[in-house]
Amino acid sequence: MTTGQGTRDDPWELTTPSGGSSFTAFRDEGLDPPALVVRVGKTEVRYQLRCIEDLAAMLKARGDWVALGGADEQKPAAEGTVEAWARAADNPVGGFYGLKKGLRGRFGVYVPPVLAALGLAEVESQPRNNRMRAV
């Protein structure tokens, strides 16, 4: 269950796929570049806003379940995961979707619940090894 409209004044209230943490997220098209802003406690992480459409397109192209991954920027992402795709030189932005060095990872943790809230993807919610697919 998701609440909020995805705006700064009424952010989505989401839970990580593992169910371990709650966070908020919203679109901010006024930033340069426009961003998906994620707040976890007092930490704010930003991803290029186009990540929503790009990830949805990638999932449709793959046509099957894709493991999420979800590593911090300083750790390698498991091959074939959403996290690895979000860092890959051959993705639509040519590298990290994350906007602040040191906080560019964890894409596979925070962005998939946003796609699920928008009805663009189905995300598994298990303690570990979660995956997602386009709907």
# chains A, B, ... in the order shown; residues from 1 in each chain; ligands from 1

$ select_by_dssp --residues "range 3-131 of chain A" --states "strand (DSSP E or B)" --output "number ranges by chain"
A: 3, 12-15, 22-28, 35-40, 43-48, 66-67, 98, 121-123, 131

$ write_last_selection --atoms "C-alpha atoms" --output "PDB file, in the first residue's frame"
ATOM      1  CA  THR A   3       0.256   6.771   0.093  1.00  0.00           C
ATOM      2  CA  TRP A  12       4.999   8.765  -1.740  1.00  0.00           C
ATOM      3  CA  GLU A  13       5.464   6.837   1.497  1.00  0.00           C
ATOM      4  CA  LEU A  14       7.098   3.585   0.497  1.00  0.00           C
ATOM      5  CA  THR A  15       8.805   0.539   1.916  1.00  0.00           C
ATOM      6  CA  SER A  22      10.363   3.006   5.108  1.00  0.00           C
ATOM      7  CA  PHE A  23      11.238   5.996   2.947  1.00  0.00           C
ATOM      8  CA  THR A  24       9.614   8.825   1.034  1.00  0.00           C
ATOM      9  CA  ALA A  25      10.076   9.763  -2.593  1.00  0.00           C
ATOM     10  CA  PHE A  26       8.857  12.502  -4.896  1.00  0.00           C
ATOM     11  CA  ARG A  27       9.427  13.978  -8.334  1.00  0.00           C
ATOM     12  CA  ASP A  28      11.148  17.362  -8.478  1.00  0.00           C
ATOM     13  CA  ALA A  35      15.205  14.329 -10.110  1.00  0.00           C
ATOM     14  CA  LEU A  36      13.486  11.569  -8.231  1.00  0.00           C
ATOM     15  CA  VAL A  37      14.243  12.567  -4.640  1.00  0.00           C
ATOM     16  CA  VAL A  38      14.376   9.811  -2.018  1.00  0.00           C
ATOM     17  CA  ARG A  39      14.544  10.548   1.707  1.00  0.00           C
ATOM     18  CA  VAL A  40      15.608   7.884   4.147  1.00  0.00           C
ATOM     19  CA  THR A  43      19.622  11.256   4.139  1.00  0.00           C
ATOM     20  CA  GLU A  44      18.499  12.510   0.745  1.00  0.00           C
ATOM     21  CA  VAL A  45      19.388  10.572  -2.404  1.00  0.00           C
ATOM     22  CA  ARG A  46      18.642  11.840  -5.912  1.00  0.00           C
ATOM     23  CA  TYR A  47      18.355   9.957  -9.175  1.00  0.00           C
ATOM     24  CA  GLN A  48      17.772  11.409 -12.620  1.00  0.00           C
ATOM     25  CA  VAL A  66      15.070  -9.071 -13.158  1.00  0.00           C
ATOM     26  CA  ALA A  67      16.861  -9.330  -9.809  1.00  0.00           C
ATOM     27  CA  GLY A  98      22.423   8.693  -9.073  1.00  0.00           C
ATOM     28  CA  ALA A 121       6.098  -2.864 -12.467  1.00  0.00           C
ATOM     29  CA  GLU A 122       5.529  -5.707 -10.084  1.00  0.00           C
ATOM     30  CA  VAL A 123       8.091  -5.980  -7.284  1.00  0.00           C
ATOM     31  CA  ARG A 131      13.137  -9.100  -8.305  1.00  0.00           C
TER      32      ARG A 131
END

$ residues_around --residues "Arg104 in chain A" --least-positions-apart "2" --cutoff "12 Å" --atoms "only C-alpha atoms" --output "ChimeraX atom specification"
/A:37-38,44-48,70-75,77,83-84,86-87,95-102,106-111

$ atom_distance --atom1 "CA of Asp9 in chain A" --atom2 "CA of Pro112 in chain A"
21.5 Å

$ select_by_dssp --residues "chain A" --states "helix (DSSP H, G or I)" --output "PyMOL selection string"
chain A and resi 51-62+82-85+107-117

$ atom_distance --atom1 "CA of Pro33 in chain A" --atom2 "CA of Val93 in chain A"
12.1 Å
